[in-house]
Every structure is written in C-alpha cells, then in structure tokens.
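Next up, my_file-v7.pdb (PDB, C-alpha atoms (C1' of nucleotides)):
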```pdb
ATOM      1  CA  MET A 269       0.000   0.000   0.000
ATOM      2  CA  SER A 270       1.271   3.412   0.867
ATOM      3  CA  ALA A 271       5.021   3.326   0.718
ATOM      4  CA  ALA A 272       5.865   6.214   2.989
ATOM      5  CA  GLU A 273       3.272   8.488   4.559
ATOM      6  CA  LYS A 274       0.784   7.381   7.151
ATOM      7  CA  HIS A 275      -2.868   7.710   6.384
ATOM      8  CA  ASP A 276      -4.746  10.420   8.190
ATOM      9  CA  VAL A 277      -8.288  10.385   9.459
ATOM     10  CA  PHE A 278      -9.638  12.089   6.330
ATOM     11  CA  GLN A 279      -8.261   9.370   4.100
ATOM     12  CA  ALA A 280      -9.225   6.646   6.544
ATOM     13  CA  ILE A 281     -12.918   7.426   6.491
ATOM     14  CA  ALA A 282     -13.042   8.035   2.745
ATOM     15  CA  ASP A 283     -13.673   4.371   2.046
ATOM     16  CA  PRO A 284     -17.153   2.931   2.694
ATOM     17  CA  THR A 285     -15.770  -0.440   3.768
ATOM     18  CA  ARG A 286     -13.672   1.237   6.420
ATOM     19  CA  ARG A 287     -16.625   3.254   7.639
ATOM     20  CA  LYS A 288     -18.587   0.039   7.964
ATOM     21  CA  VAL A 289     -15.733  -1.513   9.918
ATOM     22  CA  LEU A 290     -15.780   1.405  12.320
ATOM     23  CA  GLN A 291     -19.495   1.004  12.749
ATOM     24  CA  LEU A 292     -19.086  -2.677  13.507
ATOM     25  CA  LEU A 293     -16.423  -2.016  16.085
ATOM     26  CA  ALA A 294     -18.677   0.535  17.696
ATOM     27  CA  GLU A 295     -20.715  -2.372  19.001
ATOM     28  CA  GLY A 296     -17.701  -3.995  20.571
ATOM     29  CA  ASP A 297     -14.223  -5.322  20.015
ATOM     30  CA  LEU A 298     -13.836  -7.950  17.351
ATOM     31  CA  PRO A 299     -11.120 -10.160  15.860
ATOM     32  CA  ILE A 300     -10.298  -9.875  12.169
ATOM     33  CA  SER A 301     -12.073 -13.019  11.056
ATOM     34  CA  GLU A 302     -15.254 -11.973  12.799
ATOM     35  CA  ILE A 303     -15.121  -8.600  11.116
ATOM     36  CA  THR A 304     -14.482 -10.264   7.784
ATOM     37  CA  SER A 305     -17.617 -12.369   8.134
ATOM     38  CA  HIS A 306     -19.663  -9.204   7.698
ATOM     39  CA  PHE A 307     -18.200  -8.484   4.272
ATOM     40  CA  SER A 308     -17.943 -10.191   0.941
ATOM     41  CA  MET A 309     -14.229  -9.794   0.545
ATOM     42  CA  SER A 310     -11.167 -11.637   1.724
ATOM     43  CA  ARG A 311      -9.756 -11.537   5.217
ATOM     44  CA  THR A 312      -6.557 -10.100   3.769
ATOM     45  CA  ALA A 313      -8.436  -7.155   2.313
ATOM     46  CA  ILE A 314     -10.070  -6.438   5.655
ATOM     47  CA  ALA A 315      -6.710  -6.725   7.374
ATOM     48  CA  LYS A 316      -5.378  -4.021   5.085
ATOM     49  CA  HIS A 317      -8.298  -1.769   5.828
ATOM     50  CA  LEU A 318      -7.675  -2.312   9.516
ATOM     51  CA  HIS A 319      -4.078  -1.367   8.974
ATOM     52  CA  ILE A 320      -5.102   1.935   7.428
ATOM     53  CA  LEU A 321      -7.584   2.596  10.226
ATOM     54  CA  SER A 322      -4.812   1.757  12.618
ATOM     55  CA  GLU A 323      -2.442   4.260  11.045
ATOM     56  CA  ALA A 324      -5.103   6.891  11.517
ATOM     57  CA  GLU A 325      -5.414   5.637  15.100
ATOM     58  CA  LEU A 326      -9.112   5.078  14.669
ATOM     59  CA  VAL A 327      -8.676   1.509  15.833
ATOM     60  CA  SER A 328      -6.156  -0.356  17.907
ATOM     61  CA  GLY A 329      -5.457  -4.058  17.877
ATOM     62  CA  ARG A 330      -4.152  -6.241  20.655
ATOM     63  CA  LYS A 331      -3.295  -9.863  20.355
ATOM     64  CA  VAL A 332      -5.184 -12.171  22.650
ATOM     65  CA  GLY A 333      -4.346 -15.792  22.160
ATOM     66  CA  ARG A 334      -4.251 -16.506  18.489
ATOM     67  CA  GLU A 335      -6.704 -13.724  17.761
ATOM     68  CA  LYS A 336      -6.057 -10.056  17.235
ATOM     69  CA  ARG A 337      -8.910  -8.103  18.653
ATOM     70  CA  PHE A 338      -9.616  -4.654  17.321
ATOM     71  CA  ARG A 339     -11.147  -1.803  19.231
ATOM     72  CA  LEU A 340     -12.641   1.443  18.112
ATOM     73  CA  GLN A 341     -10.689   4.549  19.029
ATOM     74  CA  PRO A 342     -12.858   7.504  18.146
ATOM     75  CA  GLU A 343     -10.538  10.229  19.428
ATOM     76  CA  PRO A 344      -9.078  11.190  16.037
ATOM     77  CA  LEU A 345     -12.586  12.010  14.864
ATOM     78  CA  ALA A 346     -12.231  15.144  16.951
ATOM     79  CA  GLU A 347      -9.979  16.522  14.254
ATOM     80  CA  LEU A 348     -12.718  15.996  11.719
ATOM     81  CA  LYS A 349     -15.221  17.576  14.012
ATOM     82  CA  GLN A 350     -13.045  20.588  14.454
ATOM     83  CA  TRP A 351     -12.492  20.886  10.726
ATOM     84  CA  LEU A 352     -16.216  20.708  10.175
ATOM     85  CA  SER A 353     -16.964  23.294  12.803
ATOM     86  CA  PHE A 354     -15.224  25.924  10.707
ATOM     87  CA  TYR A 355     -17.920  25.538   8.085
ATOM     88  CA  ASP A 356     -20.706  25.965  10.585
ATOM     89  CA  GLN A 357     -20.519  29.679  10.022
ATOM     90  CA  PHE A 358     -21.665  29.160   6.468
ATOM     91  CA  TRP A 359     -24.868  27.572   7.565
ATOM     92  CA  ASP A 360     -27.533  29.981   8.544
ATOM     93  CA  ASN A 361     -29.342  28.088  11.239
ATOM     94  CA  LYS A 362     -29.252  29.007  14.865
ATOM     95  CA  LEU A 363     -28.179  25.651  16.189
ATOM     96  CA  SER A 364     -24.787  25.966  14.609
ATOM     97  CA  ILE A 365     -24.117  29.040  16.670
ATOM     98  CA  LEU A 366     -25.007  27.267  19.885
ATOM     99  CA  LYS A 367     -22.893  24.308  18.959
ATOM    100  CA  HIS A 368     -19.990  26.560  18.268
ATOM    101  CA  VAL A 369     -20.254  27.967  21.759
ATOM    102  CA  ILE A 370     -20.309  24.527  23.252
ATOM    103  CA  GLU A 371     -17.390  23.328  21.204
ATOM    104  CA  ASN A 372     -15.304  26.194  22.469
ATOM    105  CA  SER A 373     -16.208  25.839  26.113
ATOM    106  CA  GLY A 374     -13.937  23.874  28.390
ATOM    107  CA  GLU A 375     -14.564  20.473  29.924
ATOM    108  CA  ASN A 376     -16.064  22.273  32.870
ATOM    109  CA  GLY A 377     -17.735  25.616  33.012
ATOM    110  CA  LEU A 378     -20.575  24.457  30.898
ATOM    111  CA  LYS A 379     -23.334  26.952  30.945
ATOM    112  CA  VAL A 380     -26.527  26.296  29.136
ATOM    113  CA  ILE A 381     -29.180  28.869  28.671
ATOM    114  CA  GLU A 382     -32.692  27.606  28.570
ATOM    115  CA  LYS A 383     -35.364  29.244  26.601
ATOM    116  CA  GLU A 384     -38.495  30.495  28.335
ATOM    117  CA  LYS A 385     -40.085  27.102  28.585
ATOM    118  CA  ASP A 386     -39.322  25.514  31.905
ATOM    119  CA  THR A 387     -38.673  21.875  31.924
ATOM    120  CA  ASP A 388     -38.140  19.660  34.853
ATOM    121  CA  GLU A 389     -37.564  16.000  35.029
ATOM    122  CA  PRO A 390     -37.763  14.595  31.585
ATOM    123  CA  SER A 391     -37.896  10.818  31.408
TER     124      SER A 391
ATOM    125  CA  MET B 128     -10.273  10.098 -13.391
ATOM    126  CA  SER B 129     -13.168   8.151 -12.067
ATOM    127  CA  ALA B 130     -14.808   6.368 -14.977
ATOM    128  CA  ALA B 131     -18.273   5.834 -13.589
ATOM    129  CA  GLU B 132     -19.275   6.702 -10.050
ATOM    130  CA  LYS B 133     -19.519  10.207  -8.736
ATOM    131  CA  HIS B 134     -17.357  11.167  -5.826
ATOM    132  CA  ASP B 135     -19.050  11.601  -2.508
ATOM    133  CA  VAL B 136     -18.300  14.073   0.234
ATOM    134  CA  PHE B 137     -16.072  11.631   2.129
ATOM    135  CA  GLN B 138     -13.824  11.163  -0.872
ATOM    136  CA  ALA B 139     -13.955  14.829  -1.750
ATOM    137  CA  ILE B 140     -12.499  16.013   1.529
ATOM    138  CA  ALA B 141      -9.921  13.259   1.732
ATOM    139  CA  ASP B 142      -7.425  15.277  -0.278
ATOM    140  CA  PRO B 143      -5.581  18.168   1.431
ATOM    141  CA  THR B 144      -5.521  20.246  -1.736
ATOM    142  CA  ARG B 145      -9.265  20.032  -2.005
ATOM    143  CA  ARG B 146      -9.691  20.974   1.633
ATOM    144  CA  LYS B 147      -7.543  24.027   1.022
ATOM    145  CA  VAL B 148      -9.647  24.926  -1.999
ATOM    146  CA  LEU B 149     -12.768  24.783   0.145
ATOM    147  CA  GLN B 150     -11.122  27.003   2.706
ATOM    148  CA  LEU B 151     -10.220  29.505   0.016
ATOM    149  CA  LEU B 152     -13.734  29.579  -1.330
ATOM    150  CA  ALA B 153     -15.031  30.155   2.171
ATOM    151  CA  GLU B 154     -13.697  33.679   1.865
ATOM    152  CA  GLY B 155     -15.622  34.290  -1.311
ATOM    153  CA  ASP B 156     -16.233  33.147  -4.860
ATOM    154  CA  LEU B 157     -13.202  32.785  -7.081
ATOM    155  CA  PRO B 158     -12.402  31.854 -10.665
ATOM    156  CA  ILE B 159     -10.141  28.891 -11.390
ATOM    157  CA  SER B 160      -7.028  30.856 -12.224
ATOM    158  CA  GLU B 161      -7.297  32.833  -9.022
ATOM    159  CA  ILE B 162      -7.627  29.647  -7.026
ATOM    160  CA  THR B 163      -4.673  28.179  -8.862
ATOM    161  CA  SER B 164      -2.476  31.106  -7.863
ATOM    162  CA  HIS B 165      -2.608  29.857  -4.286
ATOM    163  CA  PHE B 166      -1.070  26.514  -5.174
ATOM    164  CA  SER B 167       2.093  25.224  -6.745
ATOM    165  CA  MET B 168       0.452  23.026  -9.292
ATOM    166  CA  SER B 169      -1.070  23.496 -12.710
ATOM    167  CA  ARG B 170      -4.427  25.097 -13.415
ATOM    168  CA  THR B 171      -5.523  21.836 -14.981
ATOM    169  CA  ALA B 172      -4.858  19.955 -11.770
ATOM    170  CA  ILE B 173      -6.912  22.463  -9.806
ATOM    171  CA  ALA B 174      -9.690  22.233 -12.364
ATOM    172  CA  LYS B 175      -9.833  18.502 -11.769
ATOM    173  CA  HIS B 176     -10.021  18.977  -8.036
ATOM    174  CA  LEU B 177     -12.839  21.439  -8.592
ATOM    175  CA  HIS B 178     -14.595  18.871 -10.701
ATOM    176  CA  ILE B 179     -14.447  16.348  -7.875
ATOM    177  CA  LEU B 180     -15.659  18.926  -5.373
ATOM    178  CA  SER B 181     -18.398  19.733  -7.815
ATOM    179  CA  GLU B 182     -19.488  16.109  -8.052
ATOM    180  CA  ALA B 183     -19.788  16.067  -4.298
ATOM    181  CA  GLU B 184     -21.742  19.311  -4.603
ATOM    182  CA  LEU B 185     -19.397  21.061  -2.239
ATOM    183  CA  VAL B 186     -18.845  23.766  -4.839
ATOM    184  CA  SER B 187     -20.752  25.076  -7.804
ATOM    185  CA  GLY B 188     -19.370  26.942 -10.770
ATOM    186  CA  ARG B 189     -21.101  29.436 -12.985
ATOM    187  CA  LYS B 190     -19.620  30.999 -16.050
ATOM    188  CA  VAL B 191     -19.410  34.743 -15.993
ATOM    189  CA  GLY B 192     -17.768  36.226 -19.041
ATOM    190  CA  ARG B 193     -14.734  34.170 -19.851
ATOM    191  CA  GLU B 194     -14.287  33.191 -16.234
ATOM    192  CA  LYS B 195     -15.879  30.359 -14.329
ATOM    193  CA  ARG B 196     -16.462  31.432 -10.794
ATOM    194  CA  PHE B 197     -16.709  28.836  -8.091
ATOM    195  CA  ARG B 198     -18.703  29.099  -4.927
ATOM    196  CA  LEU B 199     -18.632  27.104  -1.728
ATOM    197  CA  GLN B 200     -21.680  24.978  -1.070
ATOM    198  CA  PRO B 201     -21.324  23.629   2.440
ATOM    199  CA  GLU B 202     -24.626  21.767   2.600
ATOM    200  CA  PRO B 203     -23.223  18.284   1.874
ATOM    201  CA  LEU B 204     -21.049  18.649   4.947
ATOM    202  CA  ALA B 205     -24.210  17.986   6.912
ATOM    203  CA  GLU B 206     -23.900  14.355   5.924
ATOM    204  CA  LEU B 207     -20.448  14.262   7.420
ATOM    205  CA  LYS B 208     -21.668  15.961  10.525
ATOM    206  CA  GLN B 209     -24.420  13.452  10.924
ATOM    207  CA  TRP B 210     -22.030  10.581  10.391
ATOM    208  CA  LEU B 211     -19.744  12.005  13.018
ATOM    209  CA  SER B 212     -22.518  12.527  15.517
ATOM    210  CA  PHE B 213     -22.994   8.780  15.764
ATOM    211  CA  TYR B 214     -19.560   8.495  17.306
ATOM    212  CA  ASP B 215     -20.239  11.124  19.904
ATOM    213  CA  GLN B 216     -21.600   8.453  22.171
ATOM    214  CA  PHE B 217     -18.153   6.858  22.334
ATOM    215  CA  TRP B 218     -16.557   9.885  23.796
ATOM    216  CA  ASP B 219     -16.855  10.021  27.539
ATOM    217  CA  ASN B 220     -16.974  13.704  28.086
ATOM    218  CA  LYS B 221     -20.096  15.597  28.920
ATOM    219  CA  LEU B 222     -19.928  17.913  25.990
ATOM    220  CA  SER B 223     -20.569  15.145  23.534
ATOM    221  CA  ILE B 224     -23.765  14.238  25.343
ATOM    222  CA  LEU B 225     -24.938  17.816  25.286
ATOM    223  CA  LYS B 226     -24.112  18.187  21.657
ATOM    224  CA  HIS B 227     -26.013  15.076  20.847
ATOM    225  CA  VAL B 228     -29.080  16.518  22.492
ATOM    226  CA  ILE B 229     -28.758  19.700  20.539
ATOM    227  CA  GLU B 230     -28.283  17.916  17.286
ATOM    228  CA  ASN B 231     -31.468  16.002  17.841
ATOM    229  CA  SER B 232     -33.565  18.895  19.003
ATOM    230  CA  GLY B 233     -35.739  20.859  16.677
ATOM    231  CA  GLU B 234     -35.249  24.442  15.650
ATOM    232  CA  ASN B 235     -37.263  25.472  18.702
ATOM    233  CA  GLY B 236     -37.865  23.843  22.000
ATOM    234  CA  LEU B 237     -34.279  23.342  22.954
ATOM    235  CA  LYS B 238     -34.065  21.268  26.073
ATOM    236  CA  VAL B 239     -30.799  20.462  27.630
ATOM    237  CA  ILE B 240     -30.381  17.867  30.289
ATOM    238  CA  GLU B 241     -27.214  17.322  32.227
ATOM    239  CA  LYS B 242     -26.542  13.678  32.829
ATOM    240  CA  GLU B 243     -24.324  11.901  35.267
ATOM    241  CA  LYS B 244     -21.292  10.442  33.705
ATOM    242  CA  ASP B 245     -21.529   6.686  33.315
ATOM    243  CA  THR B 246     -19.640   4.030  31.467
ATOM    244  CA  ASP B 247     -16.181   3.418  32.642
ATOM    245  CA  GLU B 248     -15.226   0.706  30.258
ATOM    246  CA  PRO B 249     -12.868  -1.879  31.695
ATOM    247  CA  SER B 250      -9.765  -2.146  29.598
TER     248      SER B 250
ATOM    249  C1'  DT C   8       1.780 -34.544  18.068
ATOM    250  C1'  DT C   9      -1.268 -33.573  14.738
ATOM    251  C1'  DG C  10      -4.558 -30.815  12.839
ATOM    252  C1'  DA C  11      -7.481 -26.914  12.543
ATOM    253  C1'  DC C  12      -7.795 -22.050  13.262
ATOM    254  C1'  DA C  13      -6.257 -17.036  13.107
ATOM    255  C1'  DT C  14      -3.239 -14.210  11.447
ATOM    256  C1'  DG C  15       0.904 -12.247   8.775
ATOM    257  C1'  DA C  16       3.325 -11.349   4.718
ATOM    258  C1'  DA C  17       4.443 -11.293  -0.041
ATOM    259  C1'  DA C  18       3.634 -11.135  -4.960
ATOM    260  C1'  DC C  19       0.598  -9.793  -8.162
ATOM    261  C1'  DC C  20      -3.132  -7.098 -10.629
ATOM    262  C1'  DA C  21      -6.625  -3.676 -12.574
ATOM    263  C1'  DA C  22      -8.372   0.589 -11.795
ATOM    264  C1'  DA C  23      -8.328   5.060  -9.607
ATOM    265  C1'  DT C  24      -5.729   9.157  -8.213
ATOM    266  C1'  DG C  25      -3.175  13.129  -8.780
ATOM    267  C1'  DG C  26      -0.450  15.153 -11.517
ATOM    268  C1'  DT C  27       1.662  16.719 -16.261
ATOM    269  C1'  DT C  28       1.786  18.690 -21.237
ATOM    270  C1'  DT C  29      -0.469  19.792 -25.445
ATOM    271  C1'  DT C  30      -4.121  21.453 -28.253
ATOM    272  C1'  DA C  31      -8.433  23.807 -28.969
ATOM    273  C1'  DT C  32     -12.045  27.271 -28.171
ATOM    274  C1'  DA C  33     -14.482  31.199 -26.389
ATOM    275  C1'  DT C  34     -14.265  35.873 -24.633
ATOM    276  C1'  DA C  35     -12.062  40.455 -23.728
ATOM    277  C1'  DA C  36      -9.152  44.213 -24.705
ATOM    278  C1'  DT C  37      -6.406  47.073 -27.803
TER     279       DT C  37
ATOM    280  C1'  DA D 253      -8.523  42.157 -36.639
ATOM    281  C1'  DT D 254      -5.220  40.691 -33.573
ATOM    282  C1'  DT D 255      -3.660  39.308 -29.395
ATOM    283  C1'  DA D 256      -3.956  38.027 -24.649
ATOM    284  C1'  DT D 257      -6.785  35.705 -21.153
ATOM    285  C1'  DA D 258      -9.594  31.906 -19.147
ATOM    286  C1'  DT D 259     -11.047  27.748 -19.558
ATOM    287  C1'  DA D 260     -11.858  22.943 -21.583
ATOM    288  C1'  DA D 261     -10.514  18.573 -23.187
ATOM    289  C1'  DA D 262      -7.495  14.934 -24.247
ATOM    290  C1'  DA D 263      -3.481  12.021 -23.981
ATOM    291  C1'  DC D 264      -0.156  10.529 -21.122
ATOM    292  C1'  DC D 265       2.318   9.023 -16.778
ATOM    293  C1'  DA D 266       3.798   7.271 -12.034
ATOM    294  C1'  DT D 267       2.009   5.996  -7.841
ATOM    295  C1'  DT D 268      -1.659   4.561  -4.808
ATOM    296  C1'  DT D 269      -5.684   1.932  -3.860
ATOM    297  C1'  DG D 270      -8.327  -1.913  -3.149
ATOM    298  C1'  DG D 271      -8.571  -6.162  -4.129
ATOM    299  C1'  DT D 272      -6.741 -11.154  -5.073
ATOM    300  C1'  DT D 273      -4.005 -15.664  -4.291
ATOM    301  C1'  DT D 274      -0.412 -18.185  -2.191
ATOM    302  C1'  DC D 275       2.580 -19.472   1.431
ATOM    303  C1'  DA D 276       4.400 -19.187   6.198
ATOM    304  C1'  DT D 277       3.851 -18.931  11.195
ATOM    305  C1'  DG D 278       1.877 -19.084  15.738
ATOM    306  C1'  DT D 279      -1.647 -21.027  18.852
ATOM    307  C1'  DC D 280      -5.335 -23.854  20.556
ATOM    308  C1'  DA D 281      -7.663 -28.426  20.947
ATOM    309  C1'  DA D 282      -7.949 -33.371  20.809
TER     310       DA D 282
END
```

Could you render the structure from this file as structure tokens?
Amino acid sequence: MSAAEKHDVFQAIADPTRRKVLQLLAEGDLPISEITSHFSMSRTAIAKHLHILSEAELVSGRKVGREKRFRLQPEPLAELKQWLSFYDQFWDNKLSILKHVIENSGENGLKVIEKEKDTDEPS
Amino acid sequence: MSAAEKHDVFQAIADPTRRKVLQLLAEGDLPISEITSHFSMSRTAIAKHLHILSEAELVSGRKVGREKRFRLQPEPLAELKQWLSFYDQFWDNKLSILKHVIENSGENGLKVIEKEKDTDEPS
DNA sequence: TTGACATGAAACCAAATGGTTTTATATAAT
DNA sequence: ATTATATAAAACCATTTGGTTTCATGTCAA
C-alpha cells in the first residue's frame, strides 16, 4: 500500500468499507475473522483496511491468544469535528451558533441557557 | 479520473488540496485561475479537483464572461456531521452528550439535560 | 503430536488518483 | 482584426488503492 506516509483520518474514512468496519467495532471489540464475516471480501483485504484505520489511530489491535482483537478509538474524529466546525458559520441556522459555543467551552464551566419554557424532570 | 461513479463528500475532503480549496472559497467566490495562484500546481490539476468537489456538490461553478467562478456549497457537509454525531456516544466527556441533544432537538424547543457520567469501560 | 484455526506477509493485478503537457475554443481588450 | 486571457478537453504518466491468491507462522484443541 502506501510506501511512505501514514494515512490520516480524512483518508481513513473516505472508504465505505472502512466506515462500515468502524461502525461494527462501535458495538464492541472484534477479531479480524469476525469482522471479515460481515463483508464479501477476503480476510486479507479487511486486514489491510484495519491497517489503514490503525495508522489513523481510529482503531487499535491487541493480540489475545491466536486472535487479534480490534477496538474502536474515536478520538481522532475530533480533528474531523473541528475541521467541520469551521464551516458551521456558512450555515444559517441558529443551532450551529449554539454548537460553536459549546465546542469552544472547556470540559467544565458548561453553561446552558434555557429558553423560556421551563422543563423539569424529563424521562 | 473516475470512470463511472460520482465522488461523494467523504472522498472529496480526503485530499488536502481540495480541503484548502474549500477554505479559500469560504472567503468568497473565485475563478479557477485565481484559485490556482494559491497553489504550486497546474491550473488543470486544480480544475480537476474542482470537478471532484463539484461532483460532491461542495462547490458550484457558474460561467461569468470568460471566467468560471466557483462558490462554496457547504450543505453536503451535513452528511459528514451526521455521520460524526454517531460516534459522539463513544466519547466520555459531557460535551458530547450535550451536543447530541442539541443535534437532535428541533429548531425550537431546545431542552438540555445534564446527565451523570456513566460508562467506565474496563480495559 | 497432529490438525485446525487465526493471522501475517508477499507477490501480483486492474483501476483510480493526482499530476503533467499539449491542443483547442471562447471571450475580452487594444 | 489581432492578441492576450480563461477555460476545456485529451493524452499521457507514475504511484496509490483496493482487491486477489499463495505461502508461512503461531496457537489452541484433541
């Protein structure tokens, strides 16, 4: 595959097979052969996709027994999210503004302003 | 380039040059040659990138005089945003929960509920 | 210990990608 | 009318991508 450069998250999610792999792993860790069973292509092909996802650090694999179990690592998606947030300003709906505020607030110090309606205990 | 299938938004943003083109167009409409002046590659190459962006409907071009002016069309990024939002649940910070709520609320009637943090996955 | 299972690694391949150069055409400016 | 500008379209090219098949290796189970 790629001789030199590592794949980034943008490249990693460009392929529909890889997106489906991510979705599968979202439900729980899986070994390669199990993942492969959800596709109509060879195990080797899936292994290569996992390698690319791994380079982008969207998944990590650890060997357990004779299996190699893969786990979803969603952290790099934050980069995508941040990239996307720049384009929020070109949408003209109000939610994007609110979201922008939230994105730029720290882990703490969350302040949410409620509109007139007063809601207690939702289910 | 691609013989049959149109490029989608995931493929379109996979290339750094194309992302830079989008960023440029965010500042305003531009004709091809103007866009090209910001890169160290041929006009033809840029035209091809614009074609791919166009297939993904991230830009549109209209001819004005002898120029073809391109404009950013951010709407397809909503698909990306939606795709991303699925993975919010795998982050364990509170912001992602809040954002999820906002994403799923209507234009009015914003209700925000603070939840206790759960899920400490055993490694 | 002998298989069966799970993966790794390599060689190979067609098509797509990302670029180039060349040639042609339409519009603008002098 | 001539020339310069802006783009389009085509042919070409090297590398990457996304897949295959084949062979080797490590591990579990009987």

Proximity to Glu154 in chain B - best of B:Phe217, B:Arg198, B:Ala139, B:Ala205, only C-alpha atoms: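 With only C-alpha atoms as the atom set, the closest residue is B:Arg198.
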
Neighbour list for range 9-17 of chain C as a PyMOL selection string, cut-off 8 Å, all atoms listed in the file, skip fewer than 5 positions in-chain: (chain A and resi 301+334-336) or (chain D and resi 277+280)

With chain B as the partner and 7 Å as the cut-off, tabulate the residues of chain C that qualify, each row holding the nearest pair of atoms and their distance in Å to one decimal, using only C-alpha atoms (C1' of nucleotides), sorted by chain and rising number, as a tab-separated table.
```
residue	atom	partner	partner_atom	distance
C:DA23	C1'	B:Ser129	CA	6.2
C:DT24	C1'	B:Met128	CA	7.0
C:DG26	C1'	B:Ala172	CA	6.5
C:DT34	C1'	B:Arg193	CA	5.1
```

Could those selected residues go to a file with C-alpha atoms (C1' of nucleotides), as an mmCIF file, in the frame of the given file?
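Wrote part34.cif, looks like this:
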```cif
data_model
loop_
_atom_site.group_PDB
_atom_site.id
_atom_site.type_symbol
_atom_site.label_atom_id
_atom_site.label_comp_id
_atom_site.auth_asym_id
_atom_site.auth_seq_id
_atom_site.Cartn_x
_atom_site.Cartn_y
_atom_site.Cartn_z
ATOM 1 C "C1'" DA C 23 -8.328 5.060 -9.607
ATOM 2 C "C1'" DT C 24 -5.729 9.157 -8.213
ATOM 3 C "C1'" DG C 26 -0.450 15.153 -11.517
ATOM 4 C "C1'" DT C 34 -14.265 35.873 -24.633
#
```

Edge lengths and centre in Å to one decimal, as lines of an AutoDock Vina configuration file, is what I'm after for the box along x, y and z that holds all listed atoms of range 338-348 of chain A once 6 Å is added on each side.
```
center_x = -11.0
center_y = 5.9
center_z = 15.6
size_x = 15.8
size_y = 33.2
size_z = 19.7
```

Atomic separation - CA of Thr144 in chain B relative to CA of Ser212 in chain B, Å: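 Answer for the CA of Ser212 in chain B to CA of Thr144 in chain B separation: 25.4 Å.
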
Work out how far apart CA of Val327 in chain A and CA of Leu352 in chain A are and give it in Å to one decimal.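 Interatomic distance here is 21.4 Å.
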
Based on all atoms listed in the file, which of the residues in chain B come within 6 Å of chain A? I want them as number ranges by chain. B: 137-138, 141

Would you export the selected residues with C-alpha atoms as a PDB file, in the frame of the given file, please?
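out08.pdb, written as the output of this step:
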```pdb
ATOM      1  CA  PHE B 137     -16.072  11.631   2.129  1.00  0.00           C
ATOM      2  CA  GLN B 138     -13.824  11.163  -0.872  1.00  0.00           C
ATOM      3  CA  ALA B 141      -9.921  13.259   1.732  1.00  0.00           C
TER       4      ALA B 141
END
```

On this structure, which residues satisfy the PyMOL selection byres ((chain D) within 12 of (chain A)), written as a short mmCIF file (atom, residue, chain, number, x, y, z; two decimals) with C-alpha atoms (C1' of nucleotides), in the coordinates of the input?
```cif
data_model
loop_
_atom_site.label_atom_id
_atom_site.label_comp_id
_atom_site.auth_asym_id
_atom_site.auth_seq_id
_atom_site.Cartn_x
_atom_site.Cartn_y
_atom_site.Cartn_z
"C1'" DT D 267 2.01 6.00 -7.84
"C1'" DT D 268 -1.66 4.56 -4.81
"C1'" DT D 269 -5.68 1.93 -3.86
"C1'" DG D 270 -8.33 -1.91 -3.15
"C1'" DG D 271 -8.57 -6.16 -4.13
"C1'" DT D 272 -6.74 -11.15 -5.07
"C1'" DT D 273 -4.00 -15.66 -4.29
"C1'" DT D 274 -0.41 -18.18 -2.19
"C1'" DT D 277 3.85 -18.93 11.20
"C1'" DG D 278 1.88 -19.08 15.74
"C1'" DT D 279 -1.65 -21.03 18.85
"C1'" DC D 280 -5.34 -23.85 20.56
#
```

Pick from B:Leu151, B:Arg145, B:Thr163, B:Glu206: nearest to Leu180 in chain B, with only C-alpha atoms counted?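 Ranking B:Leu151, B:Arg145, B:Thr163, B:Glu206 by distance to Leu180 in chain B, first place goes to B:Arg145.
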
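CA of Phe197 in chain B lies 13.9 Å from CA of Arg170 in chain B.
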
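The set of protein, DNA and RNA residues with any counted atom at most 8 Å from (-1.8, 12.5, -15.6) (all atoms listed in the file) reads DG25, DG26 and DT27 of chain C; DC264 and DC265 of chain D.
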